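Visitor: Below you will find the structure I want to go over with you.
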Amino acid sequence: MRTKLHERTLILCKPDTVQRGIVGEIITRFEKKGLKIIAMKMVLPTRKLAQSHYDMPESDKIAMGEKSISAYEEHGEKINKTPIQIAEDIQKRLETYLTAGPVVAMVIEGAHAVAHVRKIRGGTNPLTADIGSITADLAIDSYFLSDPDERAVRNLVHASGSVVEAEREIKLWFSEDEIIDYELAIEKILYDKDWEDTRKKITREE
């Protein structure tokens, strides 16, 4: 029972999530929201897959690097690298993190799925993520801990940042025949425009 506002997004339960045995906790948060899993599998990512996943145009690299420079400057630190160099360093760290062990990949579907999933996941820095989100509640790492060790921050879950990004990422991780189109029983309550009228009819008949 799809609406024109339905979207699909990619979720990766990263190696630390699997190793900590909290994949079920992550899944439960999305399902309680009313979002639907339409594909799921465990994968041991190759370096090539990780590189493809974190690939980005130069403009995005510059934006990422500039954001990192600003964050350091706010804490009185100066970095002698260009934004692109910083972004490429971050990419390498993320690739190493993603290939550290098996991950659980999922495609999640629902109205406004990208925005809802990002909100549930929370900010990428657990230290500043909103309370109630996955990263705030379940991760203790921060950039202050990870940067001196030259590693990625261990924040448990990847979630696509936009509909366009989700489409690209889903194709990397799943083939079309691995994605299942089906209806959940709760979708009538979530999306059916006549659900309230059905309930009224039952009440009158009683």
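Identifiers in this document derive from the order of the structure tokens: chains are assigned A, B, ..., residues are numbered from 1 separately in each chain, and ligands are numbered from 1 in order of occurrence.
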Compile the contact shell of range 127-133 of chain A as a list in words: residues with an atom at most 12 Å away, counting only C-alpha atoms, same-chain residues fewer than 3 positions apart removed.

Guide: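 That gives Glu25, Ile26, Arg29, Phe30, His116, Val117, Arg118, Lys119, Ile120, Arg121, Gly122, Gly123, Thr124, Ala136, Asp137, Leu138, Ala139, Ile140, Asp141, Ser142, Tyr143, Phe144, Leu145, Ser146, Val153, Arg154, Asn155, Leu156 and Val157 of chain A.
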
Visitor: Which residues are close to range 61-68 of chain A, i.e. within 12 Å by only C-alpha atoms, leaving aside same-chain residues fewer than 4 positions away? Reply as an MDAnalysis selection string.

Guide: chainID A and resid 54:57 72:75 77:91 143 147

Visitor: Just list the residues in range 110-194 of chain A DSSP gives strand (DSSP E or B) on the backbone, as a list of chain:residue names.

Guide: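 Going through range 110-194 of chain A, the strand (DSSP E or B) residues come out as A:Gly110, A:Ala111, A:Val157, A:His158, A:Ala159.
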
Visitor: Excluding range 166-173 of chain A and residues on its chain fewer than 4 positions from it, collect all residues at most 7 Å away from it, counting only C-alpha atoms, and give them as a list in words.

Guide: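 The contact residues come out as Arg8, Thr9, Leu10, His53, Ser160 and Ser162 of chain A.
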
Visitor: Okay, now the selection with C-alpha atoms, as a short mmCIF file (atom, residue, chain, number, x, y, z; two decimals), in the first residue's frame?

Guide:
```cif
data_model
loop_
_atom_site.label_atom_id
_atom_site.label_comp_id
_atom_site.auth_asym_id
_atom_site.auth_seq_id
_atom_site.Cartn_x
_atom_site.Cartn_y
_atom_site.Cartn_z
CA ARG A 8 13.39 3.48 0.09
CA THR A 9 16.61 3.91 2.02
CA LEU A 10 19.69 1.85 2.84
CA HIS A 53 29.94 3.04 -1.13
CA SER A 160 21.40 7.14 3.28
CA SER A 162 18.90 11.56 0.49
#
```

Visitor: Of the residues A:Leu98, A:Ala39, A:Val103, A:Leu44, which is the one nearest to Gln19 in chain A, using only C-alpha atoms?

Guide: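 Closest to Gln19 in chain A of all the choices is A:Val103.
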
Visitor: Can you pull out the residues contacting His112 in chain A? Cut-off 10 Å, using only C-alpha atoms, and skip same-chain residues under 2 positions away; I want them as number ranges by chain.

Guide: A: 4-9, 35, 109-110, 114-117, 163

Visitor: The selected residues should be written to file as a PDB file, in the first residue's frame (atoms: N, CA and C atoms).

Guide:
```pdb
ATOM      1  N   LYS A   4       2.567   8.265  -2.822  1.00  0.00           N
ATOM      2  CA  LYS A   4       3.566   8.968  -3.625  1.00  0.00           C
ATOM      3  C   LYS A   4       4.722   9.492  -2.776  1.00  0.00           C
ATOM      4  N   LEU A   5       4.553   9.487  -1.464  1.00  0.00           N
ATOM      5  CA  LEU A   5       5.605   9.950  -0.561  1.00  0.00           C
ATOM      6  C   LEU A   5       6.447   8.797  -0.022  1.00  0.00           C
ATOM      7  N   HIS A   6       6.159   7.579  -0.473  1.00  0.00           N
ATOM      8  CA  HIS A   6       6.959   6.436  -0.042  1.00  0.00           C
ATOM      9  C   HIS A   6       8.370   6.531  -0.618  1.00  0.00           C
ATOM     10  N   GLU A   7       9.334   6.156   0.187  1.00  0.00           N
ATOM     11  CA  GLU A   7      10.742   6.157  -0.221  1.00  0.00           C
ATOM     12  C   GLU A   7      11.402   4.859   0.245  1.00  0.00           C
ATOM     13  N   ARG A   8      12.548   4.584  -0.357  1.00  0.00           N
ATOM     14  CA  ARG A   8      13.391   3.477   0.086  1.00  0.00           C
ATOM     15  C   ARG A   8      14.742   4.042   0.519  1.00  0.00           C
ATOM     16  N   THR A   9      15.311   3.449   1.550  1.00  0.00           N
ATOM     17  CA  THR A   9      16.609   3.915   2.022  1.00  0.00           C
ATOM     18  C   THR A   9      17.457   2.729   2.465  1.00  0.00           C
ATOM     19  N   LEU A  35       8.126   1.570   9.797  1.00  0.00           N
ATOM     20  CA  LEU A  35       8.889   1.364   8.573  1.00  0.00           C
ATOM     21  C   LEU A  35       9.006  -0.130   8.283  1.00  0.00           C
ATOM     22  N   GLU A 109      11.592   0.695   3.721  1.00  0.00           N
ATOM     23  CA  GLU A 109      10.613   1.435   2.921  1.00  0.00           C
ATOM     24  C   GLU A 109       9.525   2.031   3.806  1.00  0.00           C
ATOM     25  N   GLY A 110       9.010   3.181   3.384  1.00  0.00           N
ATOM     26  CA  GLY A 110       7.897   3.807   4.088  1.00  0.00           C
ATOM     27  C   GLY A 110       7.775   5.265   3.682  1.00  0.00           C
ATOM     28  N   VAL A 114      13.605   8.218   4.225  1.00  0.00           N
ATOM     29  CA  VAL A 114      14.954   8.753   4.383  1.00  0.00           C
ATOM     30  C   VAL A 114      15.041   9.651   5.614  1.00  0.00           C
ATOM     31  N   ALA A 115      14.132  10.584   5.736  1.00  0.00           N
ATOM     32  CA  ALA A 115      14.157  11.523   6.865  1.00  0.00           C
ATOM     33  C   ALA A 115      13.895  10.818   8.195  1.00  0.00           C
ATOM     34  N   HIS A 116      12.918   9.913   8.217  1.00  0.00           N
ATOM     35  CA  HIS A 116      12.596   9.207   9.459  1.00  0.00           C
ATOM     36  C   HIS A 116      13.778   8.361   9.935  1.00  0.00           C
ATOM     37  N   VAL A 117      14.403   7.643   9.006  1.00  0.00           N
ATOM     38  CA  VAL A 117      15.528   6.783   9.377  1.00  0.00           C
ATOM     39  C   VAL A 117      16.704   7.611   9.879  1.00  0.00           C
ATOM     40  N   VAL A 163      17.213  10.739  -1.047  1.00  0.00           N
ATOM     41  CA  VAL A 163      16.573   9.752  -1.921  1.00  0.00           C
ATOM     42  C   VAL A 163      17.533   9.350  -3.042  1.00  0.00           C
TER      43      VAL A 163
END
```

Visitor: Could you give me, as JSON, numbers by chain, the residues within 8 Å of Arg47 in chain A, counting only C-alpha atoms and dropping anything in the same chain fewer than 2 positions from it?

Guide: {"A": [45, 49, 50, 51, 95, 96, 99]}

Visitor: For the residues in the current selection, export N, CA and C atoms as a PDB file, in the first residue's frame.

Guide:
```pdb
ATOM      1  N   PRO A  45      31.968  -6.952   3.696  1.00  0.00           N
ATOM      2  CA  PRO A  45      32.312  -6.018   2.608  1.00  0.00           C
ATOM      3  C   PRO A  45      33.766  -6.133   2.156  1.00  0.00           C
ATOM      4  N   LEU A  49      33.962  -2.687  -2.503  1.00  0.00           N
ATOM      5  CA  LEU A  49      32.584  -2.302  -2.191  1.00  0.00           C
ATOM      6  C   LEU A  49      32.571  -1.082  -1.280  1.00  0.00           C
ATOM      7  N   ALA A  50      33.440  -1.077  -0.275  1.00  0.00           N
ATOM      8  CA  ALA A  50      33.506   0.066   0.648  1.00  0.00           C
ATOM      9  C   ALA A  50      33.911   1.341  -0.080  1.00  0.00           C
ATOM     10  N   GLN A  51      34.861   1.239  -0.997  1.00  0.00           N
ATOM     11  CA  GLN A  51      35.283   2.402  -1.773  1.00  0.00           C
ATOM     12  C   GLN A  51      34.140   2.932  -2.641  1.00  0.00           C
ATOM     13  N   GLU A  95      36.335   3.435   5.056  1.00  0.00           N
ATOM     14  CA  GLU A  95      36.489   2.171   4.329  1.00  0.00           C
ATOM     15  C   GLU A  95      37.084   1.088   5.226  1.00  0.00           C
ATOM     16  N   THR A  96      38.087   1.467   6.009  1.00  0.00           N
ATOM     17  CA  THR A  96      38.712   0.522   6.934  1.00  0.00           C
ATOM     18  C   THR A  96      37.709   0.051   7.981  1.00  0.00           C
ATOM     19  N   THR A  99      35.051  -2.412   6.534  1.00  0.00           N
ATOM     20  CA  THR A  99      35.568  -3.730   6.163  1.00  0.00           C
ATOM     21  C   THR A  99      36.157  -4.489   7.355  1.00  0.00           C
TER      22      THR A  99
END
```

Visitor: Rounded to one decimal, what separation in Å do you get between CA of Tyr182 in chain A and CA of Glu31 in chain A?

Guide: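 The value is 15.0 Å.
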
Visitor: Determine which residues of range 60-127 of chain A DSSP labels as alpha helix (DSSP H) from the backbone of this structure, then write them out as a PyMOL selection string.

Guide: chain A and resi 60-74+83-98+113-121

Visitor: Of the candidates A:Glu187, A:Asp192, A:Asp16, A:Glu178, which one gets nearest to Lys41 in chain A if we count only C-alpha atoms?

Guide: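 Checking each candidate against Lys41 in chain A, we get A:Glu178 as the closest.
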
Visitor: Show me, as a list in words, the residues that have an atom within 8 Å of Met40 in chain A when counting only C-alpha atoms, minus same-chain residues fewer than 5 positions from it.

Guide: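 Residues meeting the cut-off are Val104, Ala105, Met106 and Val107 of chain A.
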